[in-house]
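The file query-v5.cif contains mmCIF, C-alpha atoms:
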data_final
#
loop_
_atom_site.label_atom_id
_atom_site.label_comp_id
_atom_site.auth_asym_id
_atom_site.auth_seq_id
_atom_site.Cartn_x
_atom_site.Cartn_y
_atom_site.Cartn_z
CA MET A 8 -28.54 16.01 -7.14
CA PRO A 9 -25.08 17.01 -8.39
CA ASN A 10 -23.14 19.72 -6.62
CA ASN A 11 -23.57 23.22 -7.95
CA GLU A 12 -21.09 24.50 -10.49
CA ASP A 13 -17.94 26.14 -9.24
CA ASN A 14 -19.57 29.58 -9.00
CA ASN A 15 -20.31 28.74 -5.35
CA SER A 16 -16.96 27.13 -4.60
CA THR A 17 -14.80 28.65 -1.89
CA SER A 18 -11.75 26.56 -2.80
CA LYS A 19 -8.65 28.30 -4.09
CA LEU A 20 -8.17 25.48 -6.62
CA PRO A 21 -9.91 26.39 -9.90
CA VAL A 22 -11.62 23.46 -11.62
CA THR A 23 -12.45 23.14 -15.30
CA LEU A 24 -12.74 20.04 -17.46
CA LYS A 25 -10.73 19.12 -20.52
CA PRO A 26 -10.94 16.17 -22.93
CA THR A 27 -8.87 13.15 -22.04
CA ASP A 28 -6.23 11.60 -24.27
CA PHE A 29 -7.98 8.94 -26.33
CA GLU A 30 -4.65 7.14 -26.67
CA TYR A 31 -4.72 5.96 -23.03
CA GLN A 32 -3.75 2.31 -22.61
CA LYS A 33 -6.77 0.12 -23.30
CA PRO A 34 -7.29 -2.72 -20.82
CA LYS A 35 -7.36 -6.43 -21.51
CA ARG A 36 -10.56 -7.75 -23.10
CA ARG A 37 -11.20 -10.59 -20.66
CA ASN A 38 -13.85 -12.58 -22.56
CA GLU A 39 -12.87 -13.28 -26.15
CA LEU A 40 -16.39 -14.60 -26.83
CA THR A 41 -17.92 -11.18 -26.15
CA GLU A 42 -18.59 -9.22 -29.33
CA GLN A 43 -15.65 -6.93 -30.06
CA LYS A 44 -17.97 -4.12 -31.09
CA LYS A 45 -19.25 -3.96 -27.50
CA TYR A 46 -15.73 -3.35 -26.24
CA ASP A 47 -15.25 -0.81 -29.04
CA LYS A 48 -18.36 1.06 -27.92
CA ILE A 49 -16.98 1.34 -24.38
CA ASP A 50 -13.71 2.70 -25.81
CA SER A 51 -15.64 5.26 -27.80
CA LYS A 52 -17.86 6.44 -24.93
CA VAL A 53 -15.04 6.57 -22.41
CA GLY A 54 -12.87 8.53 -24.84
CA GLU A 55 -15.69 10.95 -25.61
CA LEU A 56 -17.43 11.37 -22.25
CA VAL A 57 -14.79 11.01 -19.55
CA LYS A 58 -13.06 14.31 -18.74
CA LEU A 59 -9.97 15.30 -16.79
CA GLY A 60 -10.39 18.07 -14.25
CA THR A 61 -7.75 20.64 -13.45
CA ASN A 62 -7.96 19.24 -9.90
CA GLY A 63 -6.40 16.00 -11.20
CA VAL A 64 -9.67 14.07 -10.92
CA THR A 65 -11.36 12.26 -13.81
CA TYR A 66 -15.12 12.69 -14.18
CA VAL A 67 -17.63 10.51 -16.01
CA ASP A 68 -20.47 12.17 -17.92
CA GLU A 69 -23.89 10.81 -16.95
CA ASP A 70 -24.47 10.13 -20.67
CA ALA A 71 -21.80 7.41 -20.51
CA PHE A 72 -23.66 5.42 -17.85
CA PRO A 73 -25.82 3.28 -20.21
CA THR A 74 -22.68 1.96 -21.92
CA ILE A 75 -20.51 1.67 -18.82
CA PHE A 76 -23.18 -0.23 -16.89
CA GLN A 77 -24.60 -2.11 -19.89
CA THR A 78 -28.15 -1.00 -19.28
CA THR A 79 -30.94 1.16 -20.65
CA ARG A 80 -30.92 4.94 -20.42
CA PRO A 81 -33.75 5.04 -17.79
CA LYS A 82 -31.95 2.49 -15.60
CA ALA A 83 -28.67 4.35 -16.09
CA ALA A 84 -30.38 7.52 -14.88
CA PHE A 85 -31.55 5.64 -11.80
CA ILE A 86 -27.99 4.44 -11.15
CA PHE A 87 -26.64 7.99 -11.41
CA GLU A 88 -29.32 9.48 -9.17
CA ASN A 89 -29.54 6.75 -6.53
CA GLN A 90 -26.38 4.65 -6.52
CA ILE A 91 -23.73 7.36 -6.87
CA PRO A 92 -23.26 9.36 -3.63
CA ASP A 93 -24.23 13.01 -3.94
CA ALA A 94 -20.76 14.00 -2.73
CA ASP A 95 -19.33 12.36 -5.87
CA LYS A 96 -21.56 14.26 -8.33
CA ARG A 97 -20.65 17.51 -10.06
CA SER A 98 -22.18 19.81 -12.66
CA PHE A 99 -20.03 21.53 -15.27
CA ASP A 100 -21.48 23.67 -18.06
CA GLY A 101 -24.95 22.29 -17.45
CA LYS A 102 -23.88 18.64 -17.66
CA ASN A 103 -23.85 16.09 -14.84
CA TYR A 104 -20.73 14.11 -13.96
CA ALA A 105 -19.66 11.56 -11.38
CA HIS A 106 -16.22 11.19 -9.80
CA SER A 107 -14.59 8.28 -11.62
CA SER A 108 -13.66 6.54 -8.35
CA ALA A 109 -17.37 6.20 -7.49
CA VAL A 110 -18.11 4.77 -10.93
CA VAL A 111 -15.15 2.38 -10.70
CA GLY A 112 -16.31 1.12 -7.32
CA LEU A 113 -19.86 0.59 -8.48
CA ALA A 114 -18.85 -1.12 -11.73
CA ASP A 115 -16.56 -3.43 -9.74
CA LYS A 116 -19.37 -4.30 -7.32
CA LYS A 117 -21.83 -5.03 -10.12
CA SER A 118 -19.26 -7.11 -12.02
CA GLN A 119 -18.92 -9.36 -8.98
CA GLU A 120 -22.67 -9.70 -8.52
CA VAL A 121 -23.84 -10.27 -12.10
CA ARG A 122 -24.08 -13.86 -13.39
CA ASP A 123 -24.04 -13.13 -17.14
CA ALA A 124 -20.47 -13.75 -18.38
CA ASP A 125 -20.81 -11.22 -21.22
CA LYS A 126 -22.04 -8.44 -18.96
CA GLN A 127 -19.44 -9.28 -16.33
CA ALA A 128 -16.63 -8.94 -18.88
CA LEU A 129 -17.97 -5.59 -20.13
CA LEU A 130 -18.41 -4.19 -16.62
CA GLN A 131 -14.84 -5.22 -15.83
CA TYR A 132 -13.66 -3.60 -19.05
CA SER A 133 -15.47 -0.35 -18.17
CA ARG A 134 -13.94 -0.40 -14.70
CA ASP A 135 -10.43 -1.07 -16.02
CA SER A 136 -10.78 1.61 -18.71
CA LEU A 137 -11.58 4.25 -16.09
CA ILE A 138 -8.68 3.10 -13.90
CA ASN A 139 -6.27 3.27 -16.85
CA LEU A 140 -7.50 6.72 -17.81
CA SER A 141 -7.06 7.96 -14.24
CA ASP A 142 -3.53 6.53 -14.23
CA SER A 143 -2.61 7.88 -17.66
CA PRO A 144 0.50 10.08 -18.07
CA GLU A 145 -1.79 13.02 -18.79
CA ALA A 146 -3.70 12.56 -15.51
CA GLN A 147 -0.51 12.03 -13.53
CA ASP A 148 0.98 15.19 -15.01
CA MET A 149 -2.12 17.14 -13.98
CA ARG A 150 -1.86 15.80 -10.44
CA ARG A 151 1.79 16.90 -10.29
CA LYS A 152 0.67 20.40 -11.29
CA VAL A 153 -2.00 20.30 -8.58
CA ASP A 154 0.60 19.23 -6.00
CA SER A 155 2.82 22.16 -6.99
CA PHE A 156 -0.09 24.62 -6.86
CA THR A 157 -1.20 23.21 -3.50
CA SER A 158 2.23 23.55 -1.90
CA LYS A 159 2.34 27.23 -2.93
CA THR A 160 -1.23 27.99 -1.85
CA LEU A 161 -1.48 26.14 1.48
CA PRO A 162 0.57 28.73 3.45
CA LYS A 163 -1.88 31.45 2.37
CA LEU A 164 -4.99 29.77 3.84
CA ARG A 165 -4.45 31.16 7.34
CA ASP A 166 -4.66 34.72 6.06
CA GLU A 167 -7.37 33.87 3.51
CA ARG A 168 -9.55 32.74 6.42
CA GLY A 169 -9.47 36.26 7.84
CA VAL A 170 -9.55 35.24 11.53
CA SER A 171 -6.79 36.47 13.85
CA THR A 172 -7.77 34.65 17.06
CA ASP A 173 -7.63 30.98 18.07
CA GLU A 174 -10.99 29.65 16.89
CA VAL A 175 -11.29 27.22 19.79
CA THR A 176 -10.06 29.19 22.80
CA GLY A 177 -10.69 32.73 21.56
CA GLU A 178 -7.14 33.73 22.56
CA GLU A 179 -5.15 36.25 20.58
CA ARG A 180 -2.83 34.75 17.98
CA LYS A 181 0.59 33.59 19.15
CA LYS A 182 3.79 32.65 17.39
CA GLY A 183 3.07 29.53 15.34
CA PHE A 184 -0.57 30.52 14.68
CA ALA A 185 -1.64 28.26 11.82
CA PHE A 186 -4.47 26.97 9.64
CA HIS A 187 -5.70 23.49 10.62
CA HIS A 188 -7.75 21.29 8.26
CA VAL A 189 -10.83 20.18 10.18
CA ASN A 190 -10.93 17.11 7.95
CA PRO A 191 -7.24 16.07 7.92
CA LYS A 192 -5.92 15.96 4.38
CA GLU A 193 -4.26 12.59 5.04
CA LEU A 194 -7.74 11.05 5.42
CA HIS A 195 -9.94 13.41 3.39
CA THR A 196 -8.15 13.71 0.07
CA ASP A 197 -10.42 15.93 -2.04
CA PRO A 198 -7.88 18.34 -3.61
CA GLU A 199 -10.38 21.21 -3.60
CA ASP A 200 -11.20 20.83 0.10
CA VAL A 201 -7.48 20.88 0.90
CA LEU A 202 -7.34 24.44 -0.47
CA ASP A 203 -10.67 25.65 0.91
CA PRO A 204 -10.25 28.20 3.76
CA THR A 205 -13.77 27.37 5.01
CA LYS A 206 -12.70 23.75 5.63
CA GLY A 207 -10.35 24.61 8.47
CA ARG A 208 -9.78 26.73 11.54
CA ASN A 209 -6.99 29.05 12.65
CA LEU A 210 -5.37 27.75 15.84
CA ASN A 211 -2.58 28.63 18.22
CA PRO A 212 0.21 26.05 18.58
CA GLU A 213 -1.07 24.58 21.87
CA THR A 214 -4.59 24.05 20.52
CA HIS A 215 -3.25 22.72 17.24
CA ALA A 216 -1.07 20.16 19.03
CA ASP A 217 -3.97 19.13 21.29
CA VAL A 218 -6.26 18.53 18.29
CA HIS A 219 -3.69 16.22 16.72
CA ARG A 220 -2.93 14.50 20.03
CA LYS A 221 -6.62 13.68 20.48
CA ASN A 222 -6.81 12.26 16.95
CA ILE A 223 -9.73 14.43 15.84
CA ASN A 224 -10.42 13.30 12.27
CA ASN A 225 -13.57 14.96 10.95
CA GLU A 226 -15.77 18.01 11.26
CA ASP A 227 -18.24 16.44 13.70
CA GLN A 228 -15.43 15.46 16.08
CA PHE A 229 -13.91 18.93 15.79
CA GLU A 230 -17.20 20.67 16.57
CA LYS A 231 -17.64 18.50 19.66
CA TYR A 232 -14.07 19.34 20.74
CA GLN A 233 -14.69 23.03 20.06
CA ALA A 234 -17.85 22.97 22.22
CA GLU A 235 -16.00 21.26 25.07
CA LYS A 236 -13.15 23.78 24.96
CA LYS A 237 -15.34 26.86 24.55
CA PRO A 238 -14.45 29.46 27.18
CA LYS A 239 -17.00 29.61 29.98
#
Target encoding C-alpha cells, full file:
Amino acid sequence: MPNNEDNNSTSKLPVTLKPTDFEYQKPKRRNELTEQKKYDKIDSKVGELVKLGTNGVTYVDEDAFPTIFQTTRPKAAFIFENQIPDADKRSFDGKNYAHSSAVVGLADKKSQEVRDADKQALLQYSRDSLINLSDSPEAQDMRRKVDSFTSKTLPKLRDERGVSTDEVTGEERKKGFAFHHVNPKELHTDPEDVLDPTKGRNLNPETHADVHRKNINNEDQFEKYQAEKKPK
C-alpha cells in the first residue's frame, strides 16, 4: 500500500504536488511505424498525471499506468500494487502515486523483455518521457530550491532531535556534538529523510568518527553497532 499522506511525516521538508510543465522536451519516437496517436496519448497522460513534488521528485499517478505500460486497467493496478516497491508509493489528496524512478526502471525492464516492436517502442517512449520530465528546467529549479532549504535546515536537526547525550555511549554532550544520519545521505538520497530528525542520532565527535571509520551504512548496521557499544 502507498505511504500515508504527509500528516504523519516527521521530515522538516514539506511536500506538496504541483502540475508539471507540459512543454517539457518530448523524446524521440523510435518506431515510425507505430501509430502516432499512441505516442500522443502518452504525451497527454504524462502531461496530465505526472506531478512535481516540492521535494524535487516527480511522481506518477496510478491512473497513468495503463497508458505508460500499454496494458489494461486491471493489469495496471496489479503492476502498481505488486511490481512497484512500497517504499516508492505515496498518497496525496486521496490519490496514489509512484516515484518516477521506480516507474522508469520498470518500464525499461519491460521494454527489454517484450517482443512486440510496437509495445517496446511505446514503453521506451514512456520511460524517456518520464526521464525528460524529471530533467526539465522546472524540476531542476525545484531541486536547487530543495538544496538551498536543506543547507539551511540541516544544522537545526541536532536540536530538533531533542537529545543532549551521545545516543551510543550515553555520555554528556561534548564540543562537536552533532547529528549523524543513520542512513548516510550519500547513499540514501531521499530528500525528506535527509531532513528527518528521527532518521539520525546525536553523537559526540569520537563516536561520530568511529561510525564513519567503520563504514556503517544503514540503520541495521547502526543498531548492531549501538548494541555492541552500549555501556555495560
Gap from atom CA of A:Pro34 to atom CA of A:Met149 - Å, one decimal: 21.6 Å
Run the PyMOL selection byres ((chain A and resi 113) around 12) against the file shown and list the residues it catches, as a PDB file with C-alpha atoms, in the coordinates of the input.
ATOM      1  CA  PHE A  72     -23.660   5.420 -17.850  1.00  0.00           C
ATOM      2  CA  ILE A  75     -20.510   1.670 -18.820  1.00  0.00           C
ATOM      3  CA  PHE A  76     -23.180  -0.230 -16.890  1.00  0.00           C
ATOM      4  CA  ILE A  86     -27.990   4.440 -11.150  1.00  0.00           C
ATOM      5  CA  PHE A  87     -26.640   7.990 -11.410  1.00  0.00           C
ATOM      6  CA  ASN A  89     -29.540   6.750  -6.530  1.00  0.00           C
ATOM      7  CA  GLN A  90     -26.380   4.650  -6.520  1.00  0.00           C
ATOM      8  CA  ILE A  91     -23.730   7.360  -6.870  1.00  0.00           C
ATOM      9  CA  PRO A  92     -23.260   9.360  -3.630  1.00  0.00           C
ATOM     10  CA  ALA A 105     -19.660  11.560 -11.380  1.00  0.00           C
ATOM     11  CA  HIS A 106     -16.220  11.190  -9.800  1.00  0.00           C
ATOM     12  CA  SER A 107     -14.590   8.280 -11.620  1.00  0.00           C
ATOM     13  CA  SER A 108     -13.660   6.540  -8.350  1.00  0.00           C
ATOM     14  CA  ALA A 109     -17.370   6.200  -7.490  1.00  0.00           C
ATOM     15  CA  VAL A 110     -18.110   4.770 -10.930  1.00  0.00           C
ATOM     16  CA  VAL A 111     -15.150   2.380 -10.700  1.00  0.00           C
ATOM     17  CA  GLY A 112     -16.310   1.120  -7.320  1.00  0.00           C
ATOM     18  CA  ALA A 114     -18.850  -1.120 -11.730  1.00  0.00           C
ATOM     19  CA  ASP A 115     -16.560  -3.430  -9.740  1.00  0.00           C
ATOM     20  CA  LYS A 116     -19.370  -4.300  -7.320  1.00  0.00           C
ATOM     21  CA  LYS A 117     -21.830  -5.030 -10.120  1.00  0.00           C
ATOM     22  CA  SER A 118     -19.260  -7.110 -12.020  1.00  0.00           C
ATOM     23  CA  GLN A 119     -18.920  -9.360  -8.980  1.00  0.00           C
ATOM     24  CA  GLU A 120     -22.670  -9.700  -8.520  1.00  0.00           C
ATOM     25  CA  LEU A 130     -18.410  -4.190 -16.620  1.00  0.00           C
ATOM     26  CA  GLN A 131     -14.840  -5.220 -15.830  1.00  0.00           C
ATOM     27  CA  SER A 133     -15.470  -0.350 -18.170  1.00  0.00           C
ATOM     28  CA  ARG A 134     -13.940  -0.400 -14.700  1.00  0.00           C
ATOM     29  CA  LEU A 137     -11.580   4.250 -16.090  1.00  0.00           C
TER      30      LEU A 137
END
Polymer residues at most 10 Å from A:Leu202, all atoms listed in the file, same-chain spacing of 3 or more positions, as a ChimeraX atom specification: /A:17-21,156-158,160-164,188,192,197-199,205-207
A:Ser143 surroundings by all atoms listed in the file, 8 Å radius, close-in-sequence under 4 positions cut, as JSON, numbers by chain: {"A": [31, 32, 139, 147]}
All residues 12 Å or closer to A:Arg37, only C-alpha atoms, same chain fewer than 5 positions away omitted, as a PyMOL selection string: chain A and resi 42-43+46+124-133+135
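Proximity ranking of A:Glu39, A:Asp166, A:Glu226, A:Glu174 relative to A:Pro191 places A:Glu226 first, based on all atoms listed in the file.
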Contacts of A:Leu24 at 10 Å (only C-alpha atoms; same-chain gap of 4+ positions) as a ChimeraX atom specification: /A:57-66,99-100
Option closest in space to A:Leu194, from A:Thr172, A:Asn225, A:Glu178, A:Lys236 [counting all atoms listed in the file]: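 Between A:Thr172, A:Asn225, A:Glu178, A:Lys236, the residue approaching A:Leu194 most closely is A:Asn225.
In this comparison, which uses only C-alpha atoms, the residue of A:Glu88, A:Asp70, A:Asp95, A:Glu167 approaching A:Ala185 most closely is A:Glu167.
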Coordinates-based distance that separates atom CA of A:Thr74 from atom CA of A:Ile49 (Å, one decimal):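 Atom CA of A:Thr74 lies at a distance of 6.2 Å from atom CA of A:Ile49.
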Residue nearest A:Asp123 - candidates A:Glu179, A:Asn38, A:Lys239, A:Thr196, atoms counted: all atoms listed in the file: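 Among the listed residues, the smallest separation from A:Asp123 belongs to A:Asn38.
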Output requested as a short mmCIF file (atom, residue, chain, number, x, y, z; two decimals), keeping the file's coordinate frame - stretch 125-149 of chain A, filled out with N, CA, C and O atoms.
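Wrote part-v1.cif, looks like this:
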data_model
loop_
_atom_site.label_atom_id
_atom_site.label_comp_id
_atom_site.auth_asym_id
_atom_site.auth_seq_id
_atom_site.Cartn_x
_atom_site.Cartn_y
_atom_site.Cartn_z
N ASP A 125 -21.00 -12.33 -20.29
CA ASP A 125 -20.81 -11.22 -21.22
C ASP A 125 -20.83 -9.89 -20.47
O ASP A 125 -19.94 -9.05 -20.62
N LYS A 126 -21.87 -9.71 -19.67
CA LYS A 126 -22.04 -8.44 -18.96
C LYS A 126 -20.92 -8.27 -17.93
O LYS A 126 -20.41 -7.16 -17.74
N GLN A 127 -20.53 -9.37 -17.29
CA GLN A 127 -19.44 -9.28 -16.33
C GLN A 127 -18.16 -8.78 -17.00
O GLN A 127 -17.47 -7.90 -16.49
N ALA A 128 -17.84 -9.34 -18.17
CA ALA A 128 -16.63 -8.94 -18.88
C ALA A 128 -16.68 -7.46 -19.28
O ALA A 128 -15.67 -6.75 -19.19
N LEU A 129 -17.85 -6.99 -19.69
CA LEU A 129 -17.97 -5.59 -20.13
C LEU A 129 -17.92 -4.63 -18.94
O LEU A 129 -17.34 -3.54 -19.04
N LEU A 130 -18.51 -5.02 -17.82
CA LEU A 130 -18.41 -4.19 -16.62
C LEU A 130 -16.96 -4.10 -16.14
O LEU A 130 -16.48 -3.03 -15.76
N GLN A 131 -16.25 -5.22 -16.21
CA GLN A 131 -14.84 -5.22 -15.83
C GLN A 131 -14.02 -4.35 -16.78
O GLN A 131 -13.10 -3.63 -16.36
N TYR A 132 -14.38 -4.40 -18.06
CA TYR A 132 -13.66 -3.60 -19.05
C TYR A 132 -13.91 -2.10 -18.82
O TYR A 132 -12.99 -1.28 -18.91
N SER A 133 -15.16 -1.75 -18.49
CA SER A 133 -15.47 -0.35 -18.17
C SER A 133 -14.68 0.10 -16.95
O SER A 133 -14.08 1.19 -16.95
N ARG A 134 -14.69 -0.73 -15.92
CA ARG A 134 -13.94 -0.40 -14.70
C ARG A 134 -12.46 -0.19 -15.00
O ARG A 134 -11.87 0.81 -14.61
N ASP A 135 -11.86 -1.14 -15.73
CA ASP A 135 -10.43 -1.07 -16.02
C ASP A 135 -10.09 0.11 -16.93
O ASP A 135 -9.01 0.70 -16.81
N SER A 136 -11.01 0.45 -17.83
CA SER A 136 -10.78 1.61 -18.71
C SER A 136 -10.68 2.89 -17.90
O SER A 136 -9.81 3.74 -18.13
N LEU A 137 -11.59 3.05 -16.92
CA LEU A 137 -11.58 4.25 -16.09
C LEU A 137 -10.32 4.31 -15.21
O LEU A 137 -9.74 5.37 -15.01
N ILE A 138 -9.91 3.15 -14.71
CA ILE A 138 -8.68 3.10 -13.90
C ILE A 138 -7.48 3.50 -14.75
O ILE A 138 -6.63 4.31 -14.34
N ASN A 139 -7.40 2.95 -15.97
CA ASN A 139 -6.27 3.27 -16.85
C ASN A 139 -6.24 4.74 -17.22
O ASN A 139 -5.18 5.36 -17.29
N LEU A 140 -7.43 5.30 -17.46
CA LEU A 140 -7.50 6.72 -17.81
C LEU A 140 -7.04 7.58 -16.64
O LEU A 140 -6.30 8.56 -16.81
N SER A 141 -7.45 7.20 -15.44
CA SER A 141 -7.06 7.96 -14.24
C SER A 141 -5.57 7.83 -13.95
O SER A 141 -4.99 8.69 -13.27
N ASP A 142 -4.97 6.75 -14.44
CA ASP A 142 -3.53 6.53 -14.23
C ASP A 142 -2.70 6.92 -15.44
O ASP A 142 -1.49 6.68 -15.47
N SER A 143 -3.32 7.53 -16.43
CA SER A 143 -2.61 7.88 -17.66
C SER A 143 -1.54 8.93 -17.39
O SER A 143 -1.62 9.68 -16.41
N PRO A 144 -0.52 9.03 -18.24
CA PRO A 144 0.50 10.08 -18.07
C PRO A 144 -0.10 11.47 -18.00
O PRO A 144 0.38 12.32 -17.24
N GLU A 145 -1.14 11.70 -18.79
CA GLU A 145 -1.79 13.02 -18.79
C GLU A 145 -2.39 13.33 -17.42
O GLU A 145 -2.22 14.43 -16.88
N ALA A 146 -3.08 12.35 -16.83
CA ALA A 146 -3.70 12.56 -15.51
C ALA A 146 -2.63 12.72 -14.44
O ALA A 146 -2.75 13.56 -13.53
N GLN A 147 -1.58 11.93 -14.52
CA GLN A 147 -0.51 12.03 -13.53
C GLN A 147 0.20 13.38 -13.62
O GLN A 147 0.57 13.97 -12.59
N ASP A 148 0.37 13.88 -14.83
CA ASP A 148 0.98 15.19 -15.01
C ASP A 148 0.11 16.28 -14.39
O ASP A 148 0.61 17.21 -13.75
N MET A 149 -1.21 16.16 -14.57
CA MET A 149 -2.12 17.14 -13.98
C MET A 149 -2.04 17.10 -12.46
O MET A 149 -2.03 18.14 -11.79
#
